[in-house]
Structure formats: structure tokens, C-alpha cells
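Visitor: See target.txt below, with compact mmCIF, C-alpha atoms and all ligand atoms.
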# COMPACT_ATOMS: atom_id res chain seq x y z
CA MET A 1 53.21 31.85 1.86
CA PHE A 2 50.99 33.64 4.29
CA THR A 3 47.45 34.85 4.83
CA GLN A 4 46.57 38.50 5.38
CA LEU A 5 43.91 37.21 7.78
CA ASP A 6 46.72 36.86 10.35
CA ASN A 7 46.69 40.65 10.61
CA ILE A 8 43.21 40.81 12.11
CA ASP A 9 41.49 39.38 15.18
CA TYR A 10 39.70 36.85 12.98
CA ASP A 11 37.30 35.51 15.60
CA LYS A 12 36.20 39.00 16.61
CA HIS A 13 35.90 40.28 13.05
CA TYR A 14 33.81 37.33 11.87
CA SER A 15 32.07 36.62 15.20
CA ILE A 16 33.45 33.08 15.43
CA SER A 17 32.48 31.10 18.50
CA ASP A 18 31.66 27.50 19.40
CA GLU A 19 28.03 28.36 18.80
CA SER A 20 28.66 29.83 15.33
CA SER A 21 30.70 26.73 14.51
CA GLN A 22 27.73 24.51 15.37
CA GLN A 23 25.53 26.72 13.18
CA ALA A 24 28.03 26.50 10.30
CA PHE A 25 27.93 22.72 10.50
CA ALA A 26 24.12 22.63 10.77
CA SER A 27 23.62 24.82 7.71
CA LEU A 28 26.06 22.78 5.61
CA LYS A 29 24.36 19.57 6.74
CA GLY A 30 21.04 21.18 5.83
CA VAL A 31 22.24 21.59 2.25
CA LEU A 32 24.04 18.26 1.90
CA GLY A 33 21.69 15.95 3.85
CA ASN A 34 22.88 12.34 3.52
CA ARG A 35 25.63 13.29 1.10
CA LEU A 36 27.58 14.30 4.21
CA LYS A 37 28.08 11.02 6.03
CA ASN A 38 28.01 10.55 9.81
CA ASN A 39 31.41 8.92 9.81
CA TYR A 40 34.58 8.90 7.73
CA GLY A 41 37.83 6.96 7.91
CA VAL A 42 40.36 9.68 7.13
CA LEU A 43 39.10 13.24 6.78
CA LEU A 44 41.28 16.12 5.59
CA GLU A 45 40.15 19.68 6.29
CA ILE A 46 41.74 22.46 4.26
CA GLY A 47 41.93 26.07 5.52
CA ALA A 48 40.38 25.31 8.91
CA GLY A 49 41.31 28.79 10.19
CA THR A 50 40.42 29.20 13.85
CA GLY A 51 37.98 26.28 13.72
CA GLY A 52 34.89 28.25 12.70
CA PHE A 53 33.62 25.11 10.99
CA THR A 54 35.97 22.43 12.38
CA LYS A 55 34.53 22.28 15.86
CA GLY A 56 30.96 21.90 14.59
CA LEU A 57 32.09 19.25 12.11
CA LEU A 58 34.11 17.11 14.49
CA THR A 59 31.56 17.21 17.27
CA ASN A 60 28.79 16.03 14.94
CA ILE A 61 30.45 13.33 12.85
CA LYS A 62 32.81 10.48 13.71
CA VAL A 63 36.22 10.05 12.14
CA ASN A 64 39.00 7.51 12.57
CA ARG A 65 41.47 10.29 11.88
CA ALA A 66 41.01 13.97 11.02
CA ILE A 67 43.91 15.95 9.56
CA VAL A 68 43.05 19.59 10.19
CA THR A 69 45.17 22.01 8.18
CA ASP A 70 45.66 25.69 7.44
CA ILE A 71 48.35 27.84 5.89
CA SER A 72 48.56 29.91 9.09
CA PRO A 73 50.23 28.49 12.23
CA LYS A 74 48.63 31.31 14.22
CA MET A 75 45.09 30.43 13.19
CA LEU A 76 45.73 26.73 13.48
CA SER A 77 46.85 27.07 17.08
CA ILE A 78 43.57 28.84 17.94
CA CYS A 79 41.73 26.07 16.11
CA ARG A 80 43.64 23.43 18.05
CA LYS A 81 42.62 24.97 21.37
CA ARG A 82 39.01 25.25 20.23
CA VAL A 83 38.76 21.66 19.00
CA LEU A 84 40.70 20.06 21.83
CA GLY A 85 38.39 21.79 24.28
CA GLU A 86 36.54 18.53 23.53
CA SER A 87 39.15 16.25 25.12
CA HIS A 88 37.69 13.07 23.60
CA LEU A 89 38.83 14.32 20.16
CA ALA A 90 42.52 14.45 21.14
CA ASP A 91 43.42 10.97 19.86
CA ASP A 92 41.65 11.33 16.53
CA VAL A 93 42.71 14.77 15.33
CA ILE A 94 46.07 16.02 14.13
CA PHE A 95 46.88 19.59 13.12
CA ALA A 96 49.29 20.52 10.33
CA THR A 97 50.23 23.63 8.40
CA TYR A 98 49.52 22.97 4.74
CA SER A 99 48.98 25.29 1.79
CA THR A 100 47.79 22.58 -0.66
CA GLY A 101 51.00 22.99 -2.70
CA GLU A 102 53.18 20.56 -0.69
CA ASN A 103 53.42 16.92 -1.72
CA ILE A 104 53.11 15.37 1.71
CA LEU A 105 50.04 13.18 1.41
CA PRO A 106 49.87 9.79 -0.35
CA SER A 107 47.49 9.10 -3.24
CA ASN A 108 44.27 7.20 -2.49
CA SER A 109 44.54 7.84 1.25
CA ILE A 110 41.67 10.17 2.17
CA ASP A 111 37.93 9.53 2.46
CA CYS A 112 36.76 13.13 2.59
CA ILE A 113 38.43 16.43 1.73
CA ILE A 114 36.45 19.30 3.12
CA GLY A 115 36.74 23.08 3.51
CA SER A 116 34.60 26.01 4.43
CA PHE A 117 35.26 29.17 2.40
CA VAL A 118 38.87 28.43 1.57
CA LEU A 119 39.12 27.38 -2.09
CA HIS A 120 38.64 31.01 -3.11
CA HIS A 121 41.94 31.81 -1.32
CA ILE A 122 43.90 29.24 -3.36
CA LEU A 123 45.33 30.79 -6.51
CA ASP A 124 45.45 27.65 -8.65
CA TYR A 125 42.31 26.05 -7.29
CA LYS A 126 41.93 23.92 -10.41
CA SER A 127 45.23 22.17 -9.65
CA PHE A 128 43.99 21.59 -6.15
CA ILE A 129 40.82 19.92 -7.47
CA ARG A 130 43.07 17.66 -9.57
CA LYS A 131 45.27 16.88 -6.57
CA SER A 132 42.19 16.13 -4.45
CA TYR A 133 41.01 13.54 -6.96
CA ASP A 134 44.38 11.83 -6.62
CA LEU A 135 44.35 11.97 -2.79
CA LEU A 136 40.84 10.57 -2.44
CA LYS A 137 40.09 6.88 -2.11
CA LYS A 138 37.37 5.31 -4.23
CA ASP A 139 34.00 6.71 -3.09
CA GLY A 140 35.82 9.62 -1.48
CA ALA A 141 34.07 12.99 -1.30
CA PHE A 142 35.22 16.53 -2.02
CA ILE A 143 33.09 19.09 -0.15
CA PHE A 144 33.67 22.85 -0.21
CA SER A 145 31.42 25.84 0.37
CA GLU A 146 32.49 28.83 -1.71
CA PRO A 147 31.22 32.24 -2.90
CA CYS A 148 29.14 32.60 -6.04
CA TYR A 149 30.17 34.98 -8.85
CA LYS A 150 26.72 35.85 -10.21
CA PHE A 151 25.28 36.70 -6.80
CA HIS A 152 28.16 39.06 -6.06
CA ASP A 153 27.89 40.61 -9.49
CA ALA A 154 24.24 41.45 -8.83
CA LEU A 155 25.17 42.66 -5.35
CA VAL A 156 27.80 45.08 -6.67
CA LEU A 157 25.35 46.47 -9.25
CA THR A 158 22.66 46.95 -6.59
CA MET A 159 25.06 48.57 -4.14
CA SER A 160 26.47 50.87 -6.83
CA GLU A 161 22.97 52.13 -7.58
CA ILE A 162 22.33 52.63 -3.86
CA LEU A 163 25.57 54.62 -3.54
CA GLU A 164 24.68 56.73 -6.56
CA THR A 165 21.21 57.42 -5.12
CA LEU A 166 22.57 58.43 -1.72
CA ILE A 167 25.14 60.76 -3.28
CA GLY A 168 22.46 62.17 -5.60
CA GLU A 169 20.22 62.86 -2.58
CA GLY A 170 23.08 64.87 -1.04
CA ASP A 171 23.80 62.41 1.78
CA ASN A 172 26.69 63.94 3.71
CA SER A 173 27.88 60.98 5.80
CA GLU A 174 31.29 61.02 4.17
CA VAL A 175 32.86 58.23 6.23
CA ASP A 176 29.95 55.87 5.55
CA LEU A 177 29.91 56.70 1.83
CA THR A 178 33.65 56.08 1.57
CA ARG A 179 33.45 52.76 3.42
CA LEU A 180 30.61 51.56 1.22
CA SER A 181 32.35 52.71 -1.93
CA ASN A 182 35.64 51.00 -0.95
CA TRP A 183 33.79 47.76 -0.29
CA ILE A 184 32.05 47.94 -3.70
CA HIS A 185 35.41 48.63 -5.32
CA GLU A 186 37.05 45.64 -3.61
CA LEU A 187 34.33 43.24 -4.75
CA HIS A 188 34.20 44.75 -8.21
CA PHE A 189 37.94 44.18 -8.62
CA ASN A 190 37.53 40.42 -8.07
CA LEU A 191 34.58 40.30 -10.47
CA LYS A 192 36.43 42.21 -13.15
CA TYR A 193 39.59 40.12 -12.95
CA VAL A 194 37.93 36.74 -12.38
CA GLY A 195 40.32 33.96 -13.44
CA ASP A 196 43.28 36.30 -14.02
CA GLN A 197 45.95 34.65 -11.86
CA ASP A 198 48.57 37.39 -12.43
CA VAL A 199 46.28 40.06 -11.06
CA LEU A 200 44.69 37.96 -8.32
CA SER A 201 47.86 36.42 -6.87
CA GLY A 202 48.49 39.36 -4.50
CA ARG A 203 44.94 39.42 -3.16
CA GLU A 204 43.67 37.49 -0.15
CA ASP A 205 40.25 36.71 -1.68
CA LYS A 206 41.07 35.46 -5.16
CA HIS A 207 38.01 33.85 -6.68
CA LEU A 208 34.27 34.06 -7.06
CA PHE A 209 32.97 30.92 -8.68
CA ILE A 210 31.02 30.37 -11.88
CA ARG A 211 28.99 27.17 -11.71
CA SER A 212 29.75 25.82 -15.18
CA GLU A 213 33.47 26.47 -14.84
CA VAL A 214 33.77 24.55 -11.58
CA GLU A 215 31.64 21.72 -12.97
CA ASN A 216 33.93 21.42 -15.98
CA SER A 217 37.08 21.45 -13.83
CA ALA A 218 35.71 18.64 -11.67
CA PHE A 219 34.62 16.48 -14.61
CA ASP A 220 37.93 17.14 -16.40
CA VAL A 221 39.99 15.66 -13.57
CA GLY A 222 37.78 12.57 -13.35
CA PHE A 223 35.12 13.14 -10.67
CA GLU A 224 32.09 11.14 -11.82
CA LEU A 225 29.53 12.76 -9.54
CA VAL A 226 29.61 16.56 -9.62
CA GLU A 227 26.97 18.60 -7.83
CA ILE A 228 26.96 22.34 -7.24
CA LEU A 229 24.30 23.08 -4.67
CA PRO A 230 22.90 26.52 -3.77
CA TYR A 231 23.95 27.57 -0.26
CA GLY A 232 21.53 30.25 0.93
CA ASP A 233 17.93 31.23 0.40
CA PRO A 234 17.09 32.80 -2.99
CA ASP A 235 13.85 34.09 -1.43
CA ALA A 236 15.71 36.02 1.26
CA ILE A 237 18.42 37.84 -0.66
CA ASN A 238 18.50 40.73 1.80
CA GLN A 239 19.79 38.26 4.45
CA CYS A 240 23.23 38.70 2.89
CA LEU A 241 23.28 42.26 4.23
CA LEU A 242 23.27 40.82 7.75
CA SER A 243 26.59 39.12 7.18
CA TYR A 244 28.30 41.73 4.99
CA LEU A 245 27.29 45.16 6.21
CA PRO A 246 28.19 44.81 9.91
CA GLN A 247 31.81 44.22 8.81
CA LEU A 248 31.85 47.70 7.21
CA ASP A 249 31.27 49.48 10.48
CA LEU A 250 28.61 51.81 9.05
CA SER A 251 26.55 54.13 11.25
CA HIS A 252 23.14 52.83 12.25
CA ILE A 253 21.21 55.47 10.33
CA PHE A 254 23.25 54.94 7.14
CA LEU A 255 22.82 51.17 7.44
CA GLN A 256 19.06 51.66 7.63
CA LYS A 257 19.05 53.80 4.47
CA VAL A 258 21.11 51.19 2.59
CA SER A 259 18.77 48.39 3.70
CA ASN A 260 15.67 50.32 2.61
CA LEU A 261 17.13 51.07 -0.81
CA PHE A 262 18.31 47.47 -1.16
CA ASP A 263 14.71 46.28 -0.74
CA LEU A 264 13.70 48.64 -3.58
CA TYR A 265 16.53 48.03 -6.05
CA HIS A 266 17.80 44.48 -5.74
CA ILE A 267 15.10 42.77 -7.85
CA LYS A 268 16.26 44.73 -10.86
CA TYR A 269 19.62 42.91 -10.79
CA PHE A 270 18.91 39.67 -8.93
CA GLY A 271 15.84 39.10 -11.09
CA LEU A 272 18.19 38.60 -14.05
CA ILE A 273 20.01 35.59 -12.62
CA GLU A 274 18.79 32.02 -12.18
CA ARG A 275 17.47 30.96 -8.77
CA GLU A 276 20.40 28.54 -8.35
CA ASP A 277 22.76 31.50 -8.60
CA ALA A 278 20.73 33.93 -6.47
CA VAL A 279 22.55 32.72 -3.35
CA PRO A 280 25.77 34.04 -1.80
CA ALA A 281 27.53 30.69 -2.02
CA TYR A 282 27.55 27.17 -3.43
CA VAL A 283 28.42 23.85 -1.89
CA PHE A 284 30.59 21.81 -4.23
CA PHE A 285 30.00 18.09 -3.76
CA PHE A 286 32.13 15.80 -5.93
CA LYS A 287 32.61 12.06 -5.64
CA LYS A 288 35.36 9.82 -6.95
CA LYS A 289 33.58 6.65 -7.97
CA MET A 290 36.20 4.97 -10.13
CA ASN A 291 33.70 2.68 -11.79
CA LEU A 292 34.79 0.61 -14.77
CA PHE A 293 33.13 2.87 -17.32
CA SER A 294 34.73 6.02 -15.99
CA ARG A 295 38.18 4.38 -15.78
CA LEU A 296 37.92 3.26 -19.39
CA PHE A 297 36.62 6.65 -20.47
CA LYS A 298 39.43 8.45 -18.63
CA ASN A 299 42.07 6.35 -20.41
CA VAL A 300 40.47 7.06 -23.79
C1 LIG B 401 37.76 32.65 5.11
S1 LIG B 401 38.88 31.75 6.09
C2 LIG B 401 37.87 30.34 6.51
C3 LIG B 401 38.31 29.69 7.79
C4 LIG B 401 37.45 28.52 8.25
N1 LIG B 401 37.37 27.49 7.26
C5 LIG B 401 36.06 28.99 8.62
O1 LIG B 401 35.09 28.62 7.93
O2 LIG B 401 35.94 29.71 9.64
C6 LIG B 401 40.01 31.11 4.92
C7 LIG B 401 41.14 30.28 5.52
O3 LIG B 401 41.96 29.81 4.45
C8 LIG B 401 43.32 29.86 4.86
N2 LIG B 401 44.14 29.88 3.64
C9 LIG B 401 44.43 30.93 2.85
N3 LIG B 401 45.19 30.52 1.81
C10 LIG B 401 45.36 29.18 1.95
C11 LIG B 401 46.05 28.18 1.21
N4 LIG B 401 46.73 28.46 0.10
N5 LIG B 401 46.04 26.91 1.67
C12 LIG B 401 45.37 26.59 2.79
N6 LIG B 401 44.70 27.50 3.54
C13 LIG B 401 44.70 28.77 3.13
C14 LIG B 401 43.41 31.10 5.72
O4 LIG B 401 44.51 31.05 6.59
C15 LIG B 401 42.07 31.05 6.44
O5 LIG B 401 42.16 30.35 7.64
Kindly present the structure from the file in C-alpha cells form.

Guide:
Amino acid sequence: MFTQLDNIDYDKHYSISDESSQQAFASLKGVLGNRLKNNYGVLLEIGAGTGGFTKGLLTNIKVNRAIVTDISPKMLSICRKRVLGESHLADDVIFATYSTGENILPSNSIDCIIGSFVLHHILDYKSFIRKSYDLLKKDGAFIFSEPCYKFHDALVLTMSEILETLIGEGDNSEVDLTRLSNWIHELHFNLKYVGDQDVLSGREDKHLFIRSEVENSAFDVGFELVEILPYGDPDAINQCLLSYLPQLDLSHIFLQKVSNLFDLYHIKYFGLIEREDAVPAYVFFFKKKMNLFSRLFKNV
């Protein structure tokens, strides 16, 4: 198993730095508040990558032991350097390659399983939710931030109309038009084949999440507390352009035209979805409570 992200300079492409890692932690904490505790016994991070979230996390909360994992040895070694730049963390943190498919961790051994934008890379994410329930101790938490289907659906519709308008107006920036159109196509593919494991298995980004489906998966495996929290500002939808469009390497003038048209068109599509879904991502917060009622109910 491998990640296609090994083929790029991940930190450069996504502007990862110690500062961005602190921001990533602060914005997750902003959404979760006290749900994210200040200390955990054993914490397991999945898909830590180069530490774009790990460093912020481990410098702001206390752990007895953090197991920081990723499928990619290359990314994990960058993460290791980043995190151990804080020498006081050396005794508490171990790094391990792990793709979530290996049976290497004992049941009821983890207090928090956490990941930042990684579940959508895992083909059978529902099995992983089941496995996480088994790995967690009583009162353990499952915390993942992941992209939202409905937001991206509205985004693709808006961008398609923008593309059509620009072509209709005779815009002749061929490279920019091609880059935008390829990006729309990529996203549209994942929307069209949502949930189709055969089609999605060969793709790096495999899932965009539908709230009710994730809720059902979490309840089905036994989580008693299941919250899906909006991650982003539904009143500032155009903010998403700041994170997406720079990655497309569009010319400044073309970028400006796209932004102006986005302001005009997006309401038409985003106005059709609920506020809770008008955000680029969700934070999944599940808790394993194992109270008597839920144990009895599970056996029934
Ligand atoms: C979008 S990156 C996020 C990295 C990091 N969490 C962050 O927020 O900067 C997704 C990460 O998931 C990892 N990944 C992909 N497939 C995986 C799998 N099956 N199991 C574990 N990690 C995986 C990739 O190597 C990559 O580091």
C-alpha cells in the first residue's frame, strides 16, 4: 500500500509549517471546545503525514503516550523531525507505519483516536470506524476532520457555471481554463462515484462524506455519542477559494475573474443546502460510553 502524496513535496504544496500546524490545532479546538480534552492517556493519530496537525496537537495537549502513524514512511520521517524538534516530547511519542488494516493494536487500549483529513483516503472507512470502537477504552473518543459531500457538490456546480460563462465570453486563457476544468472533473468524479469502492480504490482521495451516512455507521458499530460538527464558516463560503484555487496555479487575472463570478453565482447552489452542510468539512466526534443500556441494546 502506498500514498500518491509521496510523489509531491507535500509541505510545499500544502504550505505546511509549524505555524500552520498550530493554526490547524486551534481551529479544531475552536470547533470541539471541551470535547477535546487537555490530556489523554494513550492517543493514536492516524495519517499524521508530515505533522501538519500533529505538532500543534502534541504541543497543546498532554499525553502519557502518543502513537503517531501514517501509511508513508517518507512522510512519517518528516513528521518525526518536526515533532521531535520539541525535545521534551521524545519520551512520550512513538512513530509507526500503519495503514489501519493491520491487527497490531490490542482492544480497549486507546483513549483517543484522532486524524486530520485522512479517513477520506481509507477505502473501507466503515470497517475502520468499527475497528476504532474496538480499540477504544470506555469513554474513549474518535475525532476526525473530513470533507463534506454536499459542500463539494455545490462547489462543482458553481465552478462549472463559472467555466461555462468564461468560455461563453470568449476567454482565451487556455492553460487556466484547462486547469480549472481538470480540477472540476477530478472533484466531480468523486461525487459521481461516492461509495463505489471498485471505482474509488485506485484514487488517492476516495470519499466525500454525507452526514447521515457517517452517523449511521457510527451508531451501527456501537458509539453512543455521535456528533457531526460543521468545520468552517457557512457565512464565508468564498473562503474555500483561498485554500483550493492557489493549488491550481492559475494566473492572477484569471483567479480574479473566477472569484468575482463565484461571488455572483454561488448562492444559487449553496442556498439549496442546509447551513450545517454549507462548510467544506465536518468534525466527527464519537464517544464509546459502554453504559449498561447500550451494552444490553447492542446484545439485543
Ligand atoms: C491529506 S493528508 C493529511 C496529513 C495530515 N493529517 C495533515 O493534516 O497534514 C492524508 C494522509 O493520510 C495518509 N494515508 C493515506 N492512506 C492511508 C491509509 N490507508 N492509512 C493511513 N494513512 C493513510 C497519507 O500518507 C497522508 O499522510

Visitor: Rank nothing, just name the residue among A:Leu123, A:Ile78, A:Ile129, A:Val279 nearest to Asp198 (chain A), using only C-alpha atoms.

Guide: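 When distances to Asp198 (chain A) are compared using only C-alpha atoms, the smallest one comes from A:Leu123.
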
Visitor: Compute the set of protein, DNA and RNA residues whose minimum atom distance to ligand LIG 401 (chain B) is at most 9 Å, using all atoms listed in the file, and state it as a PyMOL selection string.

Guide: chain A and resi 1-6+10-11+14+16+21+24+45-54+69-76+97-101+115-125+145+204-205

Visitor: At what distance in Å, to one decimal, does CA of Ala154 (chain A) lie from CA of Phe270 (chain A)?

Guide: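 Separation of CA of Phe270 (chain A) and CA of Ala154 (chain A): 5.6 Å.
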
Visitor: So how many Å separate CA of Leu225 (chain A) and CA of Arg211 (chain A), to one decimal?

Guide: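 According to the coordinates, CA of Leu225 (chain A) and CA of Arg211 (chain A) are separated by 14.6 Å.
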
Visitor: CA of Ser127 (chain A) and CA of Lys29 (chain A), how far apart in Å?

Guide: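 It comes out at 26.7 Å.
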
Visitor: Restricting the calculation to only C-alpha atoms, which member of A:His188, A:Lys137, A:His88, A:Arg65 is positioned closest to Val42 (chain A)?

Guide: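 The closest residue to Val42 (chain A) is A:Arg65.
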
Visitor: Please check which residues have atoms at most 7 Å from (28.9, 21.5, 13.0) in the file's coordinates, counting all atoms listed in the file, and write them as a list in words.

Guide: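 Those residues, ordered by chain and then number, are Ser21, Gln22, Gln23, Ala24, Phe25, Ala26, Phe53, Lys55, Gly56, Leu57, Leu58, Thr59 and Asn60 of chain A.
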
Visitor: Under the rule that only C-alpha atoms are counted, which of A:Ile273, A:Leu261, A:Val283, A:Val156 is the nearest residue to Val214 (chain A)?

Guide: A:Val283

Visitor: Smallest atom-to-atom distance to Met159 (chain A): which of A:Trp183, A:Phe144, A:Phe223, A:Phe95, using only C-alpha atoms?

Guide: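 That would be A:Trp183, the residue with the smallest distance to Met159 (chain A).
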
Visitor: Return as lines of an AutoDock Vina configuration file the centre and edge lengths, in Å with one decimal, of the box along x, y and z that encloses every atom of region 223-237 of chain A in the file, padded by 8 Å per side.

Guide:
center_x = 24.5
center_y = 24.5
center_z = -5.3
size_x = 37.3
size_y = 42.7
size_z = 29.1

Visitor: Counting only C-alpha atoms, figure out which residue out of A:Leu155, A:Ile228, A:Glu102, A:Arg82 gets nearest to Lys131 (chain A).

Guide: A:Glu102
